[in-house]
>>> print(open('run_16.csv').read())   # CSV, C-alpha atoms
chain,number,residue,atom,x,y,z
A,1,MET,CA,32.3,57.0,14.2
A,2,ARG,CA,35.6,56.6,12.5
A,3,LEU,CA,38.6,58.6,13.8
A,4,ASP,CA,41.7,59.4,11.8
A,5,ALA,CA,45.1,60.6,13.0
A,6,ILE,CA,44.1,64.2,12.9
A,7,ASP,CA,41.0,63.5,15.1
A,8,LEU,CA,43.2,61.8,17.6
A,9,LYS,CA,45.6,64.8,17.7
A,10,ILE,CA,42.6,67.1,18.3
A,11,LEU,CA,41.3,64.9,21.1
A,12,ASP,CA,44.7,64.6,22.7
A,13,ALA,CA,45.1,68.4,22.6
A,14,VAL,CA,41.7,69.3,24.1
A,15,GLN,CA,42.0,66.5,26.6
A,16,ARG,CA,45.2,68.0,27.9
A,17,ASP,CA,44.0,71.6,27.7
A,18,GLY,CA,40.3,72.2,27.4
A,19,ARG,CA,41.0,76.0,27.1
A,20,ILE,CA,43.3,75.6,24.1
A,21,THR,CA,42.9,78.4,21.5
A,22,LYS,CA,41.8,77.6,18.0
A,23,LEU,CA,45.1,78.6,16.7
A,24,ARG,CA,47.1,76.4,19.1
A,25,LEU,CA,44.7,73.5,18.3
A,26,ALA,CA,45.2,74.0,14.6
A,27,GLU,CA,49.0,73.9,15.1
A,28,ALA,CA,48.8,70.7,17.2
A,29,ALA,CA,46.6,69.0,14.6
A,30,GLY,CA,48.6,70.3,11.6
A,31,LEU,CA,45.6,72.1,10.0
A,32,SER,CA,44.4,75.6,9.6
A,33,PRO,CA,42.0,77.0,12.2
A,34,THR,CA,38.7,76.6,10.1
A,35,PRO,CA,39.1,72.9,9.3
A,36,VAL,CA,40.3,72.0,12.8
A,37,TRP,CA,37.3,73.9,14.3
A,38,LEU,CA,34.9,72.0,12.0
A,39,ARG,CA,36.4,68.7,13.1
A,40,LEU,CA,36.2,69.8,16.8
A,41,ARG,CA,32.5,70.7,16.4
A,42,ARG,CA,31.9,67.3,14.8
A,43,LEU,CA,33.6,65.5,17.7
A,44,GLU,CA,31.5,67.5,20.2
A,45,GLN,CA,28.3,66.9,18.3
A,46,SER,CA,28.9,63.2,18.1
A,47,GLY,CA,29.1,63.1,21.9
A,48,LEU,CA,32.7,61.8,22.0
A,49,ILE,CA,33.7,65.0,23.8
A,50,ALA,CA,31.4,65.0,26.8
A,51,GLY,CA,32.5,68.4,28.2
A,52,TYR,CA,35.3,70.6,29.3
A,53,HIS,CA,36.2,70.7,33.0
A,54,ALA,CA,38.8,72.2,35.3
A,55,ARG,CA,40.8,69.7,37.3
A,56,LEU,CA,40.8,70.9,40.9
A,57,ALA,CA,43.5,70.4,43.6
A,58,PRO,CA,41.3,70.4,46.7
A,59,ARG,CA,44.1,69.4,49.1
A,60,LYS,CA,45.5,72.9,48.5
A,61,VAL,CA,42.4,74.1,50.4
A,62,THR,CA,41.4,71.4,52.8
A,63,PRO,CA,42.3,67.9,53.9
A,64,PHE,CA,39.8,65.1,53.1
A,65,ALA,CA,39.5,61.3,53.3
A,66,ALA,CA,39.4,59.3,50.1
A,67,VAL,CA,37.8,55.9,50.5
A,68,ILE,CA,37.2,52.9,48.2
A,69,MET,CA,34.2,50.9,49.3
A,70,GLU,CA,33.5,47.4,48.2
A,71,ILE,CA,29.8,46.4,48.4
A,72,THR,CA,27.8,43.2,48.0
A,73,LEU,CA,24.0,43.4,47.9
A,74,SER,CA,21.7,41.1,49.8
A,75,ASN,CA,19.5,40.4,46.8
A,76,HIS,CA,20.2,40.6,43.1
A,77,ARG,CA,16.9,41.5,41.4
A,78,GLN,CA,16.8,44.5,39.1
A,79,ALA,CA,14.7,46.4,41.7
A,80,ASP,CA,17.4,45.9,44.3
A,81,PHE,CA,20.1,47.2,42.0
A,82,ASP,CA,18.0,50.2,41.1
A,83,ARG,CA,17.2,51.1,44.7
A,84,PHE,CA,20.8,50.8,45.7
A,85,GLU,CA,22.0,52.8,42.7
A,86,ARG,CA,19.5,55.6,43.3
A,87,ALA,CA,20.6,56.0,46.9
A,88,VAL,CA,24.4,56.1,46.3
A,89,LYS,CA,24.1,58.3,43.2
A,90,ALA,CA,22.2,60.8,45.4
A,91,ALA,CA,25.1,61.2,47.8
A,92,PRO,CA,27.4,64.0,46.7
A,93,GLN,CA,30.3,62.4,48.6
A,94,VAL,CA,30.2,59.5,46.1
A,95,VAL,CA,32.3,60.6,43.1
A,96,ALA,CA,32.5,57.2,41.2
A,97,ILE,CA,30.4,54.1,41.2
A,98,TRP,CA,31.5,50.9,39.3
A,99,SER,CA,29.2,47.9,39.0
A,100,VAL,CA,31.4,44.9,38.6
A,101,GLY,CA,31.1,41.1,38.0
A,102,GLY,CA,32.4,38.5,40.4
A,103,LYS,CA,31.8,38.1,44.1
A,104,VAL,CA,31.4,41.8,44.6
A,105,ASP,CA,28.6,43.9,43.2
A,106,TYR,CA,30.0,47.5,43.4
A,107,PHE,CA,33.0,49.6,44.1
A,108,LEU,CA,32.5,53.2,45.1
A,109,LYS,CA,35.0,56.1,45.4
A,110,ILE,CA,33.9,58.4,48.2
A,111,LEU,CA,35.4,61.7,49.4
A,112,THR,CA,34.5,63.0,52.8
A,113,PRO,CA,36.0,65.6,55.2
A,114,ASP,CA,37.2,62.7,57.5
A,115,ILE,CA,36.7,59.1,58.3
A,116,GLU,CA,33.9,59.9,60.8
A,117,ALA,CA,31.9,61.6,58.1
A,118,TYR,CA,32.4,58.5,55.9
A,119,GLN,CA,31.2,56.2,58.7
A,120,SER,CA,28.2,58.5,59.2
A,121,LEU,CA,27.3,58.1,55.5
A,122,VAL,CA,27.6,54.3,55.7
A,123,ASP,CA,25.5,54.3,58.9
A,124,HIS,CA,22.8,56.3,57.1
A,125,TRP,CA,22.8,53.8,54.2
A,126,LEU,CA,22.6,50.8,56.5
A,127,ALA,CA,19.7,52.4,58.4
A,128,SER,CA,18.0,53.2,55.1
A,129,ASP,CA,18.0,49.5,54.2
A,130,ILE,CA,19.2,50.0,50.6
A,131,GLY,CA,20.2,46.4,50.3
A,132,ILE,CA,23.8,46.3,51.5
A,133,GLU,CA,24.6,42.8,52.8
A,134,ARG,CA,28.4,43.3,53.2
A,135,TYR,CA,30.9,46.1,52.7
A,136,PHE,CA,34.6,46.6,53.1
A,137,THR,CA,36.3,50.0,53.4
A,138,TYR,CA,39.7,50.8,52.0
A,139,VAL,CA,41.2,54.1,53.1
A,140,VAL,CA,43.4,55.7,50.4
A,141,THR,CA,46.7,56.5,52.1
A,142,ARG,CA,48.5,57.9,49.1
A,143,THR,CA,47.5,58.6,45.5
A,144,VAL,CA,50.0,57.1,43.2
A,145,LYS,CA,48.2,57.9,39.9
A,146,ASP,CA,44.8,59.5,39.3
A,147,ASP,CA,44.7,60.4,35.6
A,148,PRO,CA,41.3,61.2,34.2
A,149,ASP,CA,42.6,61.3,30.6
A,150,PHE,CA,41.4,58.5,28.4
A,151,PRO,CA,44.2,56.6,26.7
A,152,LEU,CA,43.6,57.6,23.1
A,153,ALA,CA,45.6,54.7,21.8
A,154,LEU,CA,42.5,52.6,22.5
A,155,LEU,CA,40.6,54.6,19.8
A,156,GLY,CA,43.2,54.4,17.1
>>> encode(input="run_16.csv", output="structure tokens")
Amino acid sequence: MRLDAIDLKILDAVQRDGRITKLRLAEAAGLSPTPVWLRLRRLEQSGLIAGYHARLAPRKVTPFAAVIMEITLSNHRQADFDRFERAVKAAPQVVAIWSVGGKVDYFLKILTPDIEAYQSLVDHWLASDIGIERYFTYVVTRTVKDDPDFPLALLG
């Protein structure tokens, strides 16, 4: 799919404010409402816009522990990767999973009420024998940047 400067303006506007009105979106893109709406629908239908979400601030309600977990699996057959991925994807505490190349197989971002709850989750995984050979835990002590917005410059 080819994107032009107007498409990028539309994507930038809806990425910053998913509840933007058609009129404000048209102003941001420099078009009238009907053409901007048609372009937005095309971007949605193409799958480039995967959804609209509210960004929550959970620390306003409750404290929690954020942990980055580095994992190396015991075996590297496809069945081993599949078994591990099924198990970690099923855990609601796991909010991101990255399969990576190099000495490590995966990085996980995990949110739990506290470190004890995190360790309980790890103990469950180890007892379930989902193929974890080695893991390292990195407790997030401060969030410096956590921006879910895609850098649109990569598209243009």
>>> closest_residue(input="run_16.csv", among="A:Tyr118, A:Lys9, A:His124, A:Tyr135", to="Ala65 of chain A", atoms="only C-alpha atoms")
A:Tyr118
>>> closest_residue(input="run_16.csv", among="A:Pro63, A:Gly51, A:Pro148, A:Gly131", to="Asp105 of chain A", atoms="all atoms listed in the file")
A:Gly131
>>> residues_around(input="run_16.csv", residues="Ile130 of chain A", least_positions_apart="4", cutoff="9 Å", atoms="only C-alpha atoms", output="list in words")
Leu73, Asp80, Arg83, Phe84, Glu85, Ala87, Trp125 and Leu126 of chain A
>>> atom_distance(input="run_16.csv", atom1="atom CA of Thr72 of chain A", atom2="atom CA of Lys145 of chain A")
26.4 Å
>>> residues_around(input="run_16.csv", residues="Phe150 of chain A", least_positions_apart="6", cutoff="10 Å", atoms="all atoms listed in the file", output="list of chain:residue names")
A:Leu11, A:Asp12, A:Gln15
>>> closest_residue(input="run_16.csv", among="A:Ile10, A:Leu3, A:Val36, A:Val139", to="Thr112 of chain A", atoms="all atoms listed in the file")
A:Val139
>>> closest_residue(input="run_16.csv", among="A:Ile6, A:Val14, A:Ile110, A:Val88", to="Ser32 of chain A", atoms="only C-alpha atoms")
A:Ile6
>>> residues_near_point(input="run_16.csv", point="(34.3, 54.5, 12.5)", cutoff="12 Å", atoms="all atoms listed in the file", output="JSON list (two decimals) with C-alpha atoms, in the coordinates of the input")
[["chain", "number", "residue", "atom", "x", "y", "z"],
["A", 1, "MET", "CA", 32.30, 57.00, 14.20],
["A", 2, "ARG", "CA", 35.60, 56.60, 12.50],
["A", 3, "LEU", "CA", 38.60, 58.60, 13.80],
["A", 4, "ASP", "CA", 41.70, 59.40, 11.80],
["A", 7, "ASP", "CA", 41.00, 63.50, 15.10],
["A", 46, "SER", "CA", 28.90, 63.20, 18.10],
["A", 155, "LEU", "CA", 40.60, 54.60, 19.80],
["A", 156, "GLY", "CA", 43.20, 54.40, 17.10]]
>>> residues_around(input="run_16.csv", residues="Arg16 of chain A", least_positions_apart="6", cutoff="12 Å", atoms="all atoms listed in the file", output="ChimeraX atom specification")
/A:9-10,25,28,52-55,147-152
>>> residues_near_point(input="run_16.csv", point="(37.2, 63.7, 57.6)", cutoff="12 Å", atoms="all atoms listed in the file", output="ChimeraX atom specification")
/A:62-67,93,110-121,139
>>> residues_around(input="run_16.csv", residues="Val95 of chain A", least_positions_apart="3", cutoff="9 Å", atoms="all atoms listed in the file", output="PyMOL selection string")
chain A and resi 89+91-92+108-111
>>> closest_residue(input="run_16.csv", among="A:Glu70, A:Asp17, A:Asp123, A:Glu44", to="Thr137 of chain A", atoms="all atoms listed in the file")
A:Glu70
>>> atom_distance(input="run_16.csv", atom1="atom CA of Arg134 of chain A", atom2="atom CA of Val104 of chain A")
9.2 Å
>>> atom_distance(input="run_16.csv", atom1="atom CA of Leu23 of chain A", atom2="atom CA of Leu8 of chain A")
16.9 Å
